[in-house]
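So this one's final_16.txt, compact mmCIF, C-alpha atoms:
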# COMPACT_ATOMS: atom_id res chain seq x y z
CA MET G 223 0.00 0.00 0.00
CA PHE G 224 1.28 3.45 -0.95
CA THR G 225 0.21 6.79 0.52
CA VAL G 226 -0.06 9.79 -1.80
CA MET G 227 -0.22 13.43 -0.74
CA GLY G 228 -1.75 15.86 -3.25
CA ILE G 229 -3.92 13.19 -4.87
CA THR G 230 -6.49 15.77 -6.03
CA GLY G 231 -3.77 17.76 -7.85
CA ASN G 232 -1.92 17.17 -11.10
CA VAL G 233 1.24 15.53 -9.76
CA GLY G 234 -0.27 13.53 -6.90
CA GLY G 235 -3.09 12.42 -9.16
CA ALA G 236 -0.60 11.17 -11.74
CA VAL G 237 1.31 9.28 -9.03
CA ALA G 238 -1.90 7.55 -7.94
CA GLU G 239 -2.92 6.76 -11.53
CA ASN G 240 0.40 5.04 -12.21
CA LEU G 241 0.34 3.09 -8.96
CA LEU G 242 -3.23 1.90 -9.58
CA ALA G 243 -2.28 0.91 -13.14
CA ALA G 244 0.49 -1.22 -11.65
CA GLY G 245 -2.03 -2.99 -9.43
CA LYS G 246 -1.00 -1.29 -6.20
CA THR G 247 -3.25 -0.28 -3.31
CA VAL G 248 -3.37 3.48 -2.81
CA ARG G 249 -4.26 5.67 0.16
CA GLY G 250 -4.79 9.38 -0.43
CA VAL G 251 -4.22 12.22 2.03
CA VAL G 252 -6.95 14.81 1.54
CA ARG G 253 -7.97 17.99 3.28
CA ASN G 254 -11.49 17.79 1.84
CA PRO G 255 -12.76 14.22 1.15
CA GLN G 256 -15.61 15.57 -1.00
CA LYS G 257 -13.08 16.75 -3.57
CA ALA G 258 -11.64 13.23 -3.76
CA LYS G 259 -14.88 11.26 -4.13
CA ALA G 260 -13.86 10.06 -7.60
CA TRP G 261 -10.77 8.46 -6.06
CA ALA G 262 -12.81 6.79 -3.32
CA ASP G 263 -15.11 5.39 -6.00
CA ARG G 264 -12.04 3.74 -7.54
CA GLY G 265 -11.09 2.03 -4.29
CA VAL G 266 -8.62 4.56 -2.93
CA GLU G 267 -8.72 4.84 0.86
CA LEU G 268 -8.96 8.47 1.92
CA VAL G 269 -7.44 9.84 5.12
CA GLN G 270 -8.40 13.38 6.02
CA SER G 271 -5.62 15.55 7.38
CA ALA G 272 -4.23 19.05 7.10
CA TYR G 273 -0.76 19.03 5.60
CA ASP G 274 0.69 20.75 8.66
CA ASN G 275 -0.83 18.23 11.11
CA ALA G 276 1.85 15.70 12.06
CA ALA G 277 -0.58 13.40 13.91
CA GLY G 278 -3.00 13.27 10.98
CA LEU G 279 -0.20 12.66 8.49
CA ALA G 280 1.29 9.93 10.69
CA LYS G 281 -2.06 8.12 10.58
CA ALA G 282 -2.05 8.40 6.79
CA PHE G 283 1.56 7.21 6.47
CA SER G 284 1.25 4.31 8.92
CA GLY G 285 1.67 0.88 7.36
CA SER G 286 2.70 2.26 3.96
CA GLU G 287 5.27 0.59 1.78
CA GLY G 288 6.06 4.05 0.48
CA VAL G 289 4.89 7.67 0.78
CA PHE G 290 4.74 10.35 -1.89
CA ALA G 291 5.06 13.67 -0.05
CA MET G 292 4.86 17.26 -1.23
CA ILE G 293 4.38 20.84 -0.10
CA PRO G 294 1.25 22.46 -1.58
CA PRO G 295 2.20 24.93 -4.34
CA ASP G 296 2.04 28.61 -3.41
CA PHE G 297 3.17 31.31 -5.85
CA ALA G 298 2.76 34.10 -3.29
CA PRO G 299 3.79 32.74 0.13
CA ALA G 300 3.92 34.83 3.26
CA PRO G 301 7.29 36.39 4.15
CA GLY G 302 9.57 33.87 5.80
CA LEU G 303 7.57 30.92 4.38
CA PRO G 304 5.78 30.10 7.67
CA ASP G 305 3.15 27.84 6.07
CA GLN G 306 5.75 25.88 4.16
CA LYS G 307 7.95 25.46 7.23
CA ARG G 308 5.01 24.14 9.27
CA THR G 309 4.19 21.62 6.56
CA ILE G 310 7.81 20.49 6.27
CA ALA G 311 8.05 19.99 10.04
CA ALA G 312 4.76 18.07 10.10
CA ILE G 313 5.81 15.75 7.26
CA ARG G 314 9.15 15.11 8.94
CA GLY G 315 7.49 14.35 12.30
CA ALA G 316 4.91 12.07 10.70
CA LEU G 317 7.52 10.09 8.80
CA GLU G 318 9.61 9.66 11.93
CA GLN G 319 6.57 8.38 13.80
CA ALA G 320 5.04 6.16 11.10
CA LYS G 321 8.31 4.86 9.60
CA PRO G 322 6.99 3.82 6.19
CA GLY G 323 9.22 1.77 3.93
CA LYS G 324 10.44 4.79 1.98
CA ALA G 325 9.51 8.37 1.07
CA VAL G 326 9.62 10.10 -2.31
CA PHE G 327 9.40 13.90 -2.27
CA LEU G 328 8.33 16.33 -4.97
CA SER G 329 11.23 18.76 -5.06
CA SER G 330 12.40 21.24 -7.69
CA ILE G 331 15.25 21.98 -10.02
CA GLY G 332 17.74 24.15 -8.12
CA SER G 333 16.97 22.80 -4.66
CA GLU G 334 20.63 21.94 -4.07
CA GLN G 335 21.56 25.62 -4.10
CA PRO G 336 21.84 27.35 -0.70
CA SER G 337 20.48 30.76 -1.72
CA GLY G 338 19.04 32.85 -4.53
CA LEU G 339 16.16 30.43 -5.09
CA GLY G 340 13.07 32.54 -4.51
CA LEU G 341 10.03 30.25 -4.45
CA ILE G 342 12.26 27.18 -4.69
CA THR G 343 13.58 27.95 -1.19
CA SER G 344 10.75 25.83 0.23
CA THR G 345 11.91 22.63 -1.49
CA HIS G 346 15.53 23.37 -0.53
CA LEU G 347 14.41 23.58 3.10
CA MET G 348 12.41 20.36 2.68
CA GLU G 349 15.39 18.44 1.32
CA GLU G 350 17.63 19.70 4.11
CA THR G 351 15.05 18.74 6.75
CA MET G 352 14.46 15.20 5.45
CA ARG G 353 18.12 14.24 4.98
CA THR G 354 18.50 12.58 8.40
CA LEU G 355 15.32 10.51 8.29
CA PRO G 356 15.89 6.86 9.26
CA ILE G 357 14.22 5.57 6.05
CA PRO G 358 15.22 5.56 2.36
CA VAL G 359 14.35 8.88 0.71
CA ALA G 360 14.31 10.19 -2.85
CA TYR G 361 13.91 13.74 -4.10
CA LEU G 362 12.38 14.37 -7.52
CA ARG G 363 13.84 17.69 -8.67
CA ALA G 364 11.33 18.56 -11.36
CA GLY G 365 11.75 21.12 -14.11
CA SER G 366 9.14 23.78 -14.83
CA PHE G 367 5.63 22.40 -15.30
CA MET G 368 4.17 22.62 -18.80
CA GLU G 369 0.80 23.20 -17.13
CA ASN G 370 1.98 26.58 -15.83
CA TRP G 371 1.35 28.09 -19.27
CA LEU G 372 -2.27 27.01 -19.54
CA GLY G 373 -3.35 30.06 -17.54
CA ALA G 374 -2.11 32.31 -20.34
CA LEU G 375 -4.11 30.60 -23.08
CA ASP G 376 -6.63 33.41 -23.57
CA HIS G 377 -3.83 35.93 -24.09
CA ILE G 378 -1.91 33.61 -26.40
CA ARG G 379 -4.99 32.92 -28.48
CA ALA G 380 -5.94 36.59 -28.76
CA ALA G 381 -2.51 38.13 -29.23
CA GLY G 382 -0.62 35.45 -31.13
CA GLU G 383 2.17 35.94 -28.61
CA MET G 384 3.41 33.67 -25.82
CA PRO G 385 5.14 35.80 -23.18
CA PHE G 386 8.01 34.36 -21.14
CA PHE G 387 9.85 35.49 -18.04
CA TYR G 388 12.66 33.10 -19.01
CA ALA G 389 15.52 34.29 -21.20
CA PRO G 390 17.14 33.85 -23.63
CA LEU G 391 14.30 32.38 -25.66
CA ASP G 392 16.56 30.02 -27.62
CA ARG G 393 18.00 28.35 -24.51
CA LYS G 394 16.91 24.75 -23.90
CA PHE G 395 14.89 25.06 -20.70
CA PRO G 396 13.91 22.09 -18.51
CA ILE G 397 10.13 21.76 -18.83
CA VAL G 398 8.11 18.68 -17.96
CA ALA G 399 4.47 17.57 -17.96
CA THR G 400 3.11 16.78 -14.50
CA ARG G 401 1.97 13.35 -15.75
CA ASP G 402 5.64 12.48 -16.29
CA ILE G 403 6.57 13.58 -12.77
CA GLY G 404 3.86 11.23 -11.51
CA LEU G 405 5.28 8.47 -13.71
CA ALA G 406 8.74 9.02 -12.23
CA ALA G 407 7.42 9.06 -8.66
CA ALA G 408 5.46 5.83 -9.08
CA LYS G 409 8.47 4.14 -10.67
CA VAL G 410 10.75 5.15 -7.81
CA LEU G 411 8.19 4.17 -5.15
CA GLU G 412 8.18 0.64 -6.57
CA GLU G 413 11.98 0.40 -6.37
CA THR G 414 14.20 -0.62 -3.45
CA TRP G 415 17.22 1.35 -2.27
CA THR G 416 18.99 2.52 0.85
CA GLY G 417 19.95 6.02 1.88
CA GLU G 418 19.23 8.99 -0.38
CA ARG G 419 18.53 9.41 -4.09
CA VAL G 420 18.16 12.58 -6.16
CA LEU G 421 16.51 12.50 -9.58
CA GLU G 422 16.42 15.37 -12.07
CA VAL G 423 13.01 15.02 -13.72
CA ASP G 424 12.78 16.63 -17.15
CA GLY G 425 10.90 16.31 -20.41
CA PRO G 426 12.43 14.64 -23.48
CA GLU G 427 16.22 14.60 -23.50
CA GLY G 428 17.82 17.76 -24.83
CA GLY G 429 15.35 20.22 -23.34
CA THR G 430 12.94 22.55 -25.13
CA ASP G 431 13.56 26.08 -26.28
CA LEU G 432 10.82 28.65 -25.93
CA HIS G 433 10.41 29.31 -29.64
CA GLU G 434 9.53 25.60 -29.98
CA THR G 435 7.11 25.95 -27.08
CA ALA G 436 5.31 28.91 -28.64
CA ALA G 437 5.13 27.13 -32.00
CA ALA G 438 3.64 24.04 -30.34
CA PHE G 439 0.93 26.07 -28.63
CA GLY G 440 0.27 27.91 -31.89
CA LYS G 441 -0.18 24.67 -33.80
CA ALA G 442 -2.63 23.43 -31.18
CA LEU G 443 -4.55 26.73 -31.35
CA GLY G 444 -4.55 26.79 -35.13
CA ARG G 445 -2.72 30.10 -35.47
CA ASP G 446 0.79 31.54 -35.58
CA VAL G 447 2.18 32.20 -32.11
CA LYS G 448 5.57 33.76 -31.46
CA ALA G 449 7.62 33.69 -28.28
CA VAL G 450 8.04 37.08 -26.60
CA GLN G 451 10.51 37.85 -23.84
CA LEU G 452 9.04 39.96 -21.05
CA PRO G 453 11.47 42.75 -20.13
CA GLU G 454 12.47 42.73 -16.49
CA ALA G 455 10.95 46.17 -16.01
CA ALA G 456 7.52 44.69 -16.79
CA TRP G 457 7.69 41.72 -14.41
CA GLN G 458 6.15 43.47 -11.41
CA ASN G 459 3.11 44.70 -13.32
CA VAL G 460 2.60 41.37 -15.08
CA LEU G 461 2.73 39.44 -11.81
CA GLU G 462 0.24 41.80 -10.21
CA ALA G 463 -2.05 41.41 -13.23
CA MET G 464 -1.83 37.64 -12.68
CA GLY G 465 -3.14 38.12 -9.15
CA THR G 466 0.07 38.20 -7.13
CA PRO G 467 -0.08 40.72 -4.27
CA ALA G 468 2.26 43.64 -4.95
CA ASP G 469 4.34 42.94 -1.85
CA ARG G 470 4.76 39.22 -2.61
CA THR G 471 6.32 39.22 -6.05
CA GLY G 472 9.91 39.19 -4.82
CA LEU G 473 10.38 35.44 -4.50
CA TYR G 474 9.05 34.76 -7.99
CA ILE G 475 11.30 37.45 -9.46
CA GLU G 476 14.34 36.12 -7.59
CA MET G 477 13.62 32.62 -8.92
CA VAL G 478 13.32 33.79 -12.53
CA LYS G 479 16.55 35.78 -12.32
CA SER G 480 18.34 32.68 -11.05
CA PHE G 481 16.94 30.59 -13.93
CA ASN G 482 18.04 33.16 -16.47
CA SER G 483 21.53 33.51 -14.99
CA GLY G 484 22.05 29.75 -14.94
CA TRP G 485 22.28 29.58 -11.13
CA ILE G 486 19.28 27.22 -11.20
CA HIS G 487 20.16 24.39 -13.57
CA PHE G 488 20.17 20.67 -14.24
CA GLY G 489 23.22 18.50 -14.81
CA ASN G 490 24.38 18.24 -11.20
CA SER G 491 26.81 15.49 -10.22
CA GLY G 492 25.48 12.60 -8.17
CA THR G 493 21.98 12.85 -9.60
CA GLU G 494 19.95 10.39 -11.64
CA LYS G 495 18.22 11.57 -14.82
CA PHE G 496 14.58 10.88 -15.68
CA HIS G 497 13.27 12.09 -19.03
CA GLY G 498 9.52 11.97 -19.37
CA PRO G 499 8.07 10.97 -22.75
CA THR G 500 5.67 13.92 -23.15
CA THR G 501 6.86 16.52 -25.66
CA VAL G 502 5.54 20.07 -25.52
CA GLU G 503 3.92 19.41 -28.91
CA ALA G 504 2.00 16.40 -27.59
CA PHE G 505 1.08 18.28 -24.42
CA ALA G 506 -0.30 21.24 -26.33
CA GLN G 507 -2.27 19.09 -28.78
CA GLU G 508 -3.96 17.28 -25.93
CA LEU G 509 -4.60 20.05 -23.41
CA VAL G 510 -4.82 23.32 -25.33
CA LYS G 511 -8.48 24.03 -26.10
Encoded form using structure tokens:
Amino acid sequence: MFTVMGITGNVGGAVAENLLAAGKTVRGVVRNPQKAKAWADRGVELVQSAYDNAAGLAKAFSGSEGVFAMIPPDFAPAPGLPDQKRTIAAIRGALEQAKPGKAVFLSSIGSEQPSGLGLITSTHLMEETMRTLPIPVAYLRAGSFMENWLGALDHIRAAGEMPFFYAPLDRKFPIVATRDIGLAAAKVLEETWTGERVLEVDGPEGGTDLHETAAAFGKALGRDVKAVQLPEAAWQNVLEAMGTPADRTGLYIEMVKSFNSGWIHFGNSGTEKFHGPTTVEAFAQELVK
């Protein structure tokens, strides 16, 4: 039996799908069981718990062959990351108490760096906190999610432009579909190891430049779409227009600057490589409406 956090989201849902397809028993950690009724109907046991409740998480992790753990995504966290730190501490405490067979964590590209990470700071803190757990652990350092661009579809369709914070546009950036992160997590959960593993989880080998990405979305939309680099001077206004509070844009901006400078990167020594099969072309054809 495997326990999955985030089962109602893209990554956790993909983990559960792959485990069920392999004939495994799955338990889902949910904050609202009503939102996970479809999983219950498929035989998934649901355990209700807040993600910052160590006792509730320990109940969910107890008796598991393996746990998939993650911090809920937050693009505008409070200063000092208090919510993320509470969740990290609760997951750590629950794993110490329940002692499942292993734990696989959703981490992020760049999490090995000690500073300059912006939003990725939370997964850096998570990795550092989990390192001394008395069970085998694995960190999936995922590239940027292809799904992150779906929120800009209306603009792309109307303007024929796909705006990017990343630069330069012809660089091969690490982007990955969440279904492939779930595939990697399920694969690792079914494996046996000791100590610590780190996997860099990317899309097809070689990366994807942003001109290719814009062209793929354009093909799916049935129109020409060109990649456009957002000038740094525009970032603040664009983030606010996306709904980010004016005083909480700093971590996102710091993260983007570190991507563009190369400080956040793949190709680190001592890491395993996982290349998901989903190309940006296939992703766009399937999900762009």
Identify, on the basis of only C-alpha atoms, every residue whose closest approach to Ser366 (chain G) does not exceed 10 Å; exclude the query and any residue fewer than 2 positions from it along the same chain; express the result as a PyMOL selection string. chain G and resi 330-331+363-364+368-371+395-400+423-425
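Residue nearest Gly228 (chain G) within the list G:Gly250, G:Gly498, G:Gly417, G:Pro467: G:Gly250 [criterion: smallest interatomic distance, only C-alpha atoms].
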To one decimal place, how far is CA of Asp446 (chain G) from CA of Gly382 (chain G) in Å?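 Answer for the CA of Asp446 (chain G) to CA of Gly382 (chain G) separation: 6.1 Å.
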CA of Tyr361 (chain G) sits from CA of Val420 (chain G) at a separation of 4.9 Å
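Taking CA of Ile403 (chain G) and CA of His346 (chain G) as the two end points, the separation is 18.1 Å.
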Exercise: residues within 12 Å of coordinate (16.6, 43.3, -21.9), counting all atoms listed in the file, as an mmCIF file with C-alpha atoms, in the frame of the given file:
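The result, written out as out.cif:
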data_model
loop_
_atom_site.group_PDB
_atom_site.id
_atom_site.type_symbol
_atom_site.label_atom_id
_atom_site.label_comp_id
_atom_site.auth_asym_id
_atom_site.auth_seq_id
_atom_site.Cartn_x
_atom_site.Cartn_y
_atom_site.Cartn_z
ATOM 1 C CA PHE G 387 9.850 35.490 -18.040
ATOM 2 C CA TYR G 388 12.660 33.100 -19.010
ATOM 3 C CA ALA G 389 15.520 34.290 -21.200
ATOM 4 C CA PRO G 390 17.140 33.850 -23.630
ATOM 5 C CA LEU G 391 14.300 32.380 -25.660
ATOM 6 C CA VAL G 450 8.040 37.080 -26.600
ATOM 7 C CA GLN G 451 10.510 37.850 -23.840
ATOM 8 C CA LEU G 452 9.040 39.960 -21.050
ATOM 9 C CA PRO G 453 11.470 42.750 -20.130
ATOM 10 C CA GLU G 454 12.470 42.730 -16.490
ATOM 11 C CA ALA G 455 10.950 46.170 -16.010
ATOM 12 C CA ALA G 456 7.520 44.690 -16.790
ATOM 13 C CA TRP G 457 7.690 41.720 -14.410
ATOM 14 C CA ASN G 482 18.040 33.160 -16.470
#
Residues near Gly231 (chain G), cut-off 10 Å, all atoms listed in the file, skip fewer than 4 positions along chain, as a list in words: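 My list of contacting residues is Met227, Gly235, Ala236, Val237, Ala258, Pro294, Pro295 and Thr400 of chain G.
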I'd like to know which of G:Met223, G:Leu339, G:Met348, G:Ala360 is closest to Gly484 (chain G), using all atoms listed in the file. G:Leu339
How big is the axis-aligned box, and where does its centre sit, when it encloses all atoms of region 319-329 of chain G listed in the file and has 5 Å added on every side, reported in Å to one decimal as JSON?
{"center_x": 8.1, "center_y": 10.3, "center_z": 4.4, "size_x": 16.2, "size_y": 27.0, "size_z": 28.9}
Restricting the calculation to all atoms listed in the file: of G:Ala238, G:Ala300, G:Ala312, G:Val502, which residue gets closest to Asp431 (chain G)? G:Val502
Can you pull out the residues contacting region 349-354 of chain G? Cut-off 9 Å, using only C-alpha atoms, and skip same-chain residues under 2 positions away; I want them as JSON, numbers by chain. {"G": [310, 311, 313, 314, 327, 329, 333, 334, 344, 345, 346, 347, 356, 357, 359, 361, 417, 418]}
Grab the residues selected above and save them as a CSV table (one decimal), in the frame of the given file with C-alpha atoms.
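So the final result, stored in again09.csv, reads:
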chain,number,residue,atom,x,y,z
G,310,ILE,CA,7.8,20.5,6.3
G,311,ALA,CA,8.0,20.0,10.0
G,313,ILE,CA,5.8,15.8,7.3
G,314,ARG,CA,9.2,15.1,8.9
G,327,PHE,CA,9.4,13.9,-2.3
G,329,SER,CA,11.2,18.8,-5.1
G,333,SER,CA,17.0,22.8,-4.7
G,334,GLU,CA,20.6,21.9,-4.1
G,344,SER,CA,10.8,25.8,0.2
G,345,THR,CA,11.9,22.6,-1.5
G,346,HIS,CA,15.5,23.4,-0.5
G,347,LEU,CA,14.4,23.6,3.1
G,356,PRO,CA,15.9,6.9,9.3
G,357,ILE,CA,14.2,5.6,6.0
G,359,VAL,CA,14.4,8.9,0.7
G,361,TYR,CA,13.9,13.7,-4.1
G,417,GLY,CA,20.0,6.0,1.9
G,418,GLU,CA,19.2,9.0,-0.4
Can you build me a table of region 246-291 of chain G residues sitting at most 12 Å from region 302-307 of chain G, with the closest atom pair per residue and its distance in Å to one decimal, using all atoms listed in the file, sorted by chain and residue number, as JSON lines?
{"residue": "G:Ala272", "atom": "CA", "partner": "G:Asp305", "partner_atom": "CA", "distance": 11.5}
{"residue": "G:Tyr273", "atom": "CA", "partner": "G:Gln306", "partner_atom": "CA", "distance": 9.6}
{"residue": "G:Asp274", "atom": "CA", "partner": "G:Asp305", "partner_atom": "CA", "distance": 7.9}
{"residue": "G:Asn275", "atom": "CA", "partner": "G:Asp305", "partner_atom": "CA", "distance": 11.6}
